[in-house]
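Asker: Here's a structure for you.
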Amino acid sequence: MSTGIALAHARFELPLRHVFTIARGSVAVQETFIVQLGEGGERGYGEATTNPFYGQSIARMAAAAERVRPILAGATTDDLEATLGRVAAALPDEPFARCALDMALHDLAARRAGRGLAAWWGLDRSRGPVSNFTIGIDTIAVMREKLAAASDWPIYKIKLGTADDLEIVRELRRHTDRPFRVDANCGWSAEQAIALSRPLADLGVEFIEQPLPPGDPAMAEVFRRSALPVFADESCAAEGDVDGCAGRFHGINIKLVKCGGLAPARRMIARARDLGLAVMVGCMTESTVGISALAQLVPLLDHVDMDGAALLAADIASGVRVVAGRATFPDRTGTGVELLGGALSTTSRADGT
């Protein structure tokens, strides 16, 4: 019989192999927030990375997690939907913390059921797309070196939003014939997006991700005139954003931290299918904890970006490994995650209090 769910959380630093740059900033070491939930002798894990663009810090996520400690203490994963609902209702404006808690609850529930999470959902882990590898903005020479170092990956996502975007793609195309995707991270105008779409298509780019800032009314014109499909990222952060992407984007890229975890992501996937939108799920620069949760969704997707842990110089967990774009699942229940340093103390708090 369950006696409630025990909460612990901790802050970790994730050093990157290379400084990772997108149109709005760079990072060399990524802070991340890890949640551990325990019930009935099992432990589940979840993750959310910090993100200044969305105002997300370790302190903010830790405070949010502490607000639901009493809820968890009186809850059980035997009724996962109810527990997820109570946590979400208590943290309506904290999607990153909700994500870490949601992942951990799903992991814990599947472990207690003795199943891998995808199988517990009734999904076939052998199905679904392979992942791209992301090439962050840098000098063209360094971007070429990053491409060479990841030569076994099947698809590349190239971060753009510079004065040399077309030159970057042309140079990288000289070194591989594999598909490209490009992500401007809101760094273009409508005129740039439309003008670049044809030469990018000619260079073997599959689609453009988030060319304009969220809410830009010119996105409808880009949708009509672009020679390439356009996918929403920043424009589709939460469940309520999906409907607004119809007629403005051809597909959506769901980020678990932005929408609040696996449960809302699955609802977003279902709604996107109703609207005829293609579906991708993407990651942040995160550890194997988050990537292992994301990997459970792959059978539901058209495209996936789950290279976050592959960008790290050192990881904090074992679990699902993504090598050359393909996920390898460990022979474990839940999401398969184990922290390399061992389980957290039941009194661990990321804010140190």
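By convention in this document, the chains of the structure tokens carry letters A, B, ... by their order, each chain's residues are numbered from 1, and ligands are numbered from 1 in the order they are shown.
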Any chance you could tabulate, as a tab-separated table, the residues of stretch 37-140 of chain A at most 12 Å from stretch 145-151 of chain A with each one's nearest atom pair and distance in Å to one decimal, using only C-alpha atoms, in chain and rising number order?
Answerer:
residue	atom	partner	partner_atom	distance
A:Asn132	CA	A:Ala150	CA	10.2
A:Phe133	CA	A:Ala150	CA	7.5
A:Thr134	CA	A:Leu147	CA	8.9
A:Ile135	CA	A:Lys146	CA	6.5
A:Gly136	CA	A:Lys146	CA	8.5
A:Ile137	CA	A:Lys146	CA	10.3
A:Asp138	CA	A:Lys146	CA	9.6
A:Thr139	CA	A:Glu145	CA	9.9
A:Ile140	CA	A:Glu145	CA	8.6
Asker: For those residues, write C-alpha atoms to a file as an mmCIF file, in the first residue's frame.
Answerer:
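What landed in out24.cif:
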data_model
loop_
_atom_site.group_PDB
_atom_site.id
_atom_site.type_symbol
_atom_site.label_atom_id
_atom_site.label_comp_id
_atom_site.auth_asym_id
_atom_site.auth_seq_id
_atom_site.Cartn_x
_atom_site.Cartn_y
_atom_site.Cartn_z
ATOM 1 C CA ASN A 132 18.775 14.842 -36.066
ATOM 2 C CA PHE A 133 22.041 16.221 -34.651
ATOM 3 C CA THR A 134 22.170 19.958 -33.976
ATOM 4 C CA ILE A 135 24.977 22.186 -35.263
ATOM 5 C CA GLY A 136 25.037 25.353 -33.161
ATOM 6 C CA ILE A 137 26.038 28.738 -34.563
ATOM 7 C CA ASP A 138 29.793 29.362 -34.723
ATOM 8 C CA THR A 139 32.353 30.319 -37.315
ATOM 9 C CA ILE A 140 31.823 28.409 -40.514
#
Asker: DSSP on the backbone, strand (DSSP E or B) only: what residues of stretch 154-350 of chain A does that give? Format it as number ranges by chain.
Answerer: A: 156-159, 180-183, 205-209, 230-232, 246, 249, 251-255, 278-282, 303-305, 312, 317-318, 321-323, 326-328, 334, 338-339
Asker: What are the nearest atom pairs, with distances in Å to one decimal, for all residues of stretch 280-327 of chain A that come at most 7 Å from stretch 119-131 of chain A, using only C-alpha atoms, set out by chain and rising residue number as JSON lines?
Answerer:
{"residue": "A:Val298", "atom": "CA", "partner": "A:Gly128", "partner_atom": "CA", "distance": 5.3}
{"residue": "A:Pro299", "atom": "CA", "partner": "A:Gly128", "partner_atom": "CA", "distance": 4.3}
{"residue": "A:Leu300", "atom": "CA", "partner": "A:Gly128", "partner_atom": "CA", "distance": 6.8}
{"residue": "A:Leu301", "atom": "CA", "partner": "A:Gly128", "partner_atom": "CA", "distance": 6.2}
{"residue": "A:Asp302", "atom": "CA", "partner": "A:Pro129", "partner_atom": "CA", "distance": 6.2}
{"residue": "A:His303", "atom": "CA", "partner": "A:Pro129", "partner_atom": "CA", "distance": 5.6}
{"residue": "A:Val304", "atom": "CA", "partner": "A:Ser131", "partner_atom": "CA", "distance": 5.1}
{"residue": "A:Asp305", "atom": "CA", "partner": "A:Ser131", "partner_atom": "CA", "distance": 5.1}
{"residue": "A:Met306", "atom": "CA", "partner": "A:Ser131", "partner_atom": "CA", "distance": 5.9}
{"residue": "A:Asp307", "atom": "CA", "partner": "A:Ser131", "partner_atom": "CA", "distance": 6.9}
{"residue": "A:Gly325", "atom": "CA", "partner": "A:Ser131", "partner_atom": "CA", "distance": 4.3}
{"residue": "A:Arg326", "atom": "CA", "partner": "A:Val130", "partner_atom": "CA", "distance": 5.4}
Asker: Mind dumping the selected residues with N, CA and C atoms as a PDB file, in the first residue's frame?
Answerer:
ATOM      1  N   VAL A 298       8.697   8.751 -29.161  1.00  0.00           N
ATOM      2  CA  VAL A 298       9.131   8.664 -30.559  1.00  0.00           C
ATOM      3  C   VAL A 298       8.146   7.912 -31.458  1.00  0.00           C
ATOM      4  N   PRO A 299       7.515   6.817 -31.013  1.00  0.00           N
ATOM      5  CA  PRO A 299       6.583   6.123 -31.924  1.00  0.00           C
ATOM      6  C   PRO A 299       5.401   6.973 -32.376  1.00  0.00           C
ATOM      7  N   LEU A 300       5.148   8.098 -31.702  1.00  0.00           N
ATOM      8  CA  LEU A 300       4.016   8.959 -32.046  1.00  0.00           C
ATOM      9  C   LEU A 300       4.386  10.078 -33.024  1.00  0.00           C
ATOM     10  N   LEU A 301       5.666  10.179 -33.423  1.00  0.00           N
ATOM     11  CA  LEU A 301       6.167  11.385 -34.075  1.00  0.00           C
ATOM     12  C   LEU A 301       6.493  11.210 -35.553  1.00  0.00           C
ATOM     13  N   ASP A 302       6.528  12.365 -36.245  1.00  0.00           N
ATOM     14  CA  ASP A 302       7.042  12.424 -37.616  1.00  0.00           C
ATOM     15  C   ASP A 302       8.535  12.728 -37.627  1.00  0.00           C
ATOM     16  N   HIS A 303       8.977  13.574 -36.691  1.00  0.00           N
ATOM     17  CA  HIS A 303      10.374  13.990 -36.594  1.00  0.00           C
ATOM     18  C   HIS A 303      10.741  14.085 -35.115  1.00  0.00           C
ATOM     19  N   VAL A 304      12.031  13.940 -34.830  1.00  0.00           N
ATOM     20  CA  VAL A 304      12.457  14.076 -33.444  1.00  0.00           C
ATOM     21  C   VAL A 304      13.858  14.687 -33.383  1.00  0.00           C
ATOM     22  N   ASP A 305      14.051  15.478 -32.357  1.00  0.00           N
ATOM     23  CA  ASP A 305      15.356  16.093 -32.066  1.00  0.00           C
ATOM     24  C   ASP A 305      15.677  15.716 -30.619  1.00  0.00           C
ATOM     25  N   MET A 306      16.454  14.652 -30.432  1.00  0.00           N
ATOM     26  CA  MET A 306      16.772  14.191 -29.074  1.00  0.00           C
ATOM     27  C   MET A 306      18.276  13.966 -28.915  1.00  0.00           C
ATOM     28  N   ASP A 307      19.029  14.972 -29.373  1.00  0.00           N
ATOM     29  CA  ASP A 307      20.493  14.888 -29.324  1.00  0.00           C
ATOM     30  C   ASP A 307      21.084  15.600 -28.115  1.00  0.00           C
ATOM     31  N   GLY A 325      21.679   8.900 -34.129  1.00  0.00           N
ATOM     32  CA  GLY A 325      20.278   9.201 -34.367  1.00  0.00           C
ATOM     33  C   GLY A 325      19.290   8.164 -33.888  1.00  0.00           C
ATOM     34  N   ARG A 326      19.766   7.007 -33.449  1.00  0.00           N
ATOM     35  CA  ARG A 326      18.862   5.927 -33.042  1.00  0.00           C
ATOM     36  C   ARG A 326      18.928   5.703 -31.538  1.00  0.00           C
TER      37      ARG A 326
END
Asker: Using only C-alpha atoms, tabulate the residues of stretch 153-235 of chain A lying at most 8 Å from any atom of stretch 8-28 of chain A, each with its closest atom pair and that distance in Å to one decimal, by chain and increasing residue number, as CSV.
Answerer:
residue,atom,partner,partner_atom,distance
A:Lys159,CA,A:Ile22,CA,6.0
A:Leu160,CA,A:Ala23,CA,6.6
A:Gly161,CA,A:Ala23,CA,5.1
A:Thr162,CA,A:Ala23,CA,7.2
A:Ala184,CA,A:Ala23,CA,6.7
A:Asn185,CA,A:Ala23,CA,5.9
A:Cys186,CA,A:Ala23,CA,7.6
A:Gly187,CA,A:Ala23,CA,5.9
Asker: What does the file look like for those residues with C-alpha atoms, as a PDB file, in the first residue's frame?
Answerer:
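Result saved to result-v8.pdb:
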ATOM      1  CA  LYS A 159      21.073  26.771 -36.166  1.00  0.00           C
ATOM      2  CA  LEU A 160      20.849  29.997 -38.172  1.00  0.00           C
ATOM      3  CA  GLY A 161      20.074  33.659 -37.589  1.00  0.00           C
ATOM      4  CA  THR A 162      23.336  35.252 -38.738  1.00  0.00           C
ATOM      5  CA  ALA A 184      16.344  30.442 -37.037  1.00  0.00           C
ATOM      6  CA  ASN A 185      15.115  30.709 -33.409  1.00  0.00           C
ATOM      7  CA  CYS A 186      13.031  33.805 -34.280  1.00  0.00           C
ATOM      8  CA  GLY A 187      16.047  35.437 -35.939  1.00  0.00           C
TER       9      GLY A 187
END
Asker: Give me, as a list in words, all polymer residues having an atom no more than 8 Å from stretch 229-238 of chain A, counting only C-alpha atoms and skipping those fewer than 3 positions away in the same chain.
Answerer: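 My reading of the contact set: Asn185, Cys186, Glu206, Phe207, Ile208, Glu209, Gln210, Pro211, Pro213, Pro214, Gly215, Phe223, Ser226, Asp241, Val242, Cys245, Phe249, His250, Gly251, Ile252, Asn253, Ile254, Lys255, Lys258, Cys259 and Gly260 of chain A.
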Asker: Please dump the current selection as a CSV table (one decimal), in the first residue's frame; keep C-alpha atoms.
Answerer:
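File produced: out11.csv:
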chain,number,residue,atom,x,y,z
A,185,ASN,CA,15.1,30.7,-33.4
A,186,CYS,CA,13.0,33.8,-34.3
A,206,GLU,CA,13.6,19.7,-45.3
A,207,PHE,CA,12.0,22.5,-43.3
A,208,ILE,CA,12.5,25.8,-41.5
A,209,GLU,CA,11.9,26.0,-37.8
A,210,GLN,CA,10.6,29.2,-36.1
A,211,PRO,CA,11.7,31.8,-38.6
A,213,PRO,CA,9.2,35.8,-33.3
A,214,PRO,CA,6.1,34.4,-31.7
A,215,GLY,CA,3.0,36.4,-32.6
A,223,PHE,CA,3.3,30.0,-44.5
A,226,SER,CA,7.7,29.7,-48.3
A,241,ASP,CA,-1.0,27.3,-28.8
A,242,VAL,CA,-1.6,24.3,-31.0
A,245,CYS,CA,-0.6,27.2,-35.5
A,249,PHE,CA,2.7,26.5,-39.8
A,250,HIS,CA,2.9,23.1,-41.4
A,251,GLY,CA,4.0,21.4,-38.2
A,252,ILE,CA,4.9,22.0,-34.6
A,253,ASN,CA,8.0,21.2,-32.5
A,254,ILE,CA,6.9,20.4,-28.9
A,255,LYS,CA,9.4,20.9,-26.1
A,258,LYS,CA,7.7,24.4,-22.3
A,259,CYS,CA,4.4,22.5,-22.3
A,260,GLY,CA,4.8,20.9,-18.8
Asker: Skipping near chain neighbours, those fewer than 4 positions away, what residues fall within 7 Å of stretch 268-275 of chain A using only C-alpha atoms, listed as a PyMOL selection string?
Answerer: chain A and resi 239+242+246+264+279
Asker: Identify all residues of stretch 74-168 of chain A in helix (DSSP H, G or I) (DSSP on the backbone) and supply them as an NGL selection string.
Answerer: :A and (77-90 or 95-112 or 117-121 or 140-149 or 165-168)
Asker: Ranking A:Phe33, A:Arg60, A:Val289, A:Gly247 by minimum distance to A:Leu340 and counting only C-alpha atoms, which one comes first?
Answerer: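 Using only C-alpha atoms, the shortest distance to A:Leu340 belongs to A:Val289.
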Asker: From the set A:Thr50, A:Ser318, A:Ser189, A:Thr328, which residue has the shortest atom-to-atom contact distance to A:Ser287, counting only C-alpha atoms?
Answerer: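 Between A:Thr50, A:Ser318, A:Ser189, A:Thr328, the residue approaching A:Ser287 most closely is A:Ser318.
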Asker: Between atom CA of A:Arg174 and atom CA of A:Pro154, measure the distance and give it in Å to one decimal.
Answerer: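 Interatomic distance, atom CA of A:Arg174 to atom CA of A:Pro154: 15.8 Å.
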Asker: One decimal, in Å: what's the spacing between atom CA of A:Ala278 and atom CA of A:Tyr156?
Answerer: 18.4 Å
Asker: In Å, with one decimal, what is the gap from atom CA of A:Arg198 to atom CA of A:Arg170?
Answerer: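 Those two atoms sit 13.0 Å apart.
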Asker: Might you pull out every residue within 12 Å of A:Ala113, with only C-alpha atoms counted and same-chain residues fewer than 5 positions away left off, and present them as a list in words?
Answerer: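 Contacts, with the query itself left out: Glu39, Gly40, Glu42, Thr77, Asp78, Asp79, Leu80, His106, Asp107, Leu108, Ala119, Trp120, Trp121, Arg332, Thr333 and Gly334 of chain A.
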Asker: Print the selection's residues with C-alpha atoms to a file, as a JSON list (two decimals), in the first residue's frame.
Answerer:
[["chain", "number", "residue", "atom", "x", "y", "z"],
["A", 39, "GLU", "CA", 6.95, 5.35, -3.77],
["A", 40, "GLY", "CA", 6.69, 1.70, -2.81],
["A", 42, "GLU", "CA", 10.74, 2.51, -6.55],
["A", 77, "THR", "CA", 0.87, 6.90, -8.85],
["A", 78, "ASP", "CA", -1.83, 4.22, -8.65],
["A", 79, "ASP", "CA", -4.05, 7.03, -9.97],
["A", 80, "LEU", "CA", -1.48, 8.78, -12.13],
["A", 106, "HIS", "CA", 5.42, 8.79, -15.34],
["A", 107, "ASP", "CA", 8.75, 7.05, -14.75],
["A", 108, "LEU", "CA", 7.70, 6.05, -11.23],
["A", 119, "ALA", "CA", 5.20, -0.27, -23.56],
["A", 120, "TRP", "CA", 2.99, 0.71, -20.62],
["A", 121, "TRP", "CA", 1.36, 3.23, -22.97],
["A", 332, "ARG", "CA", 14.90, -1.41, -17.22],
["A", 333, "THR", "CA", 11.39, -0.35, -16.33],
["A", 334, "GLY", "CA", 10.04, 3.20, -16.54]]
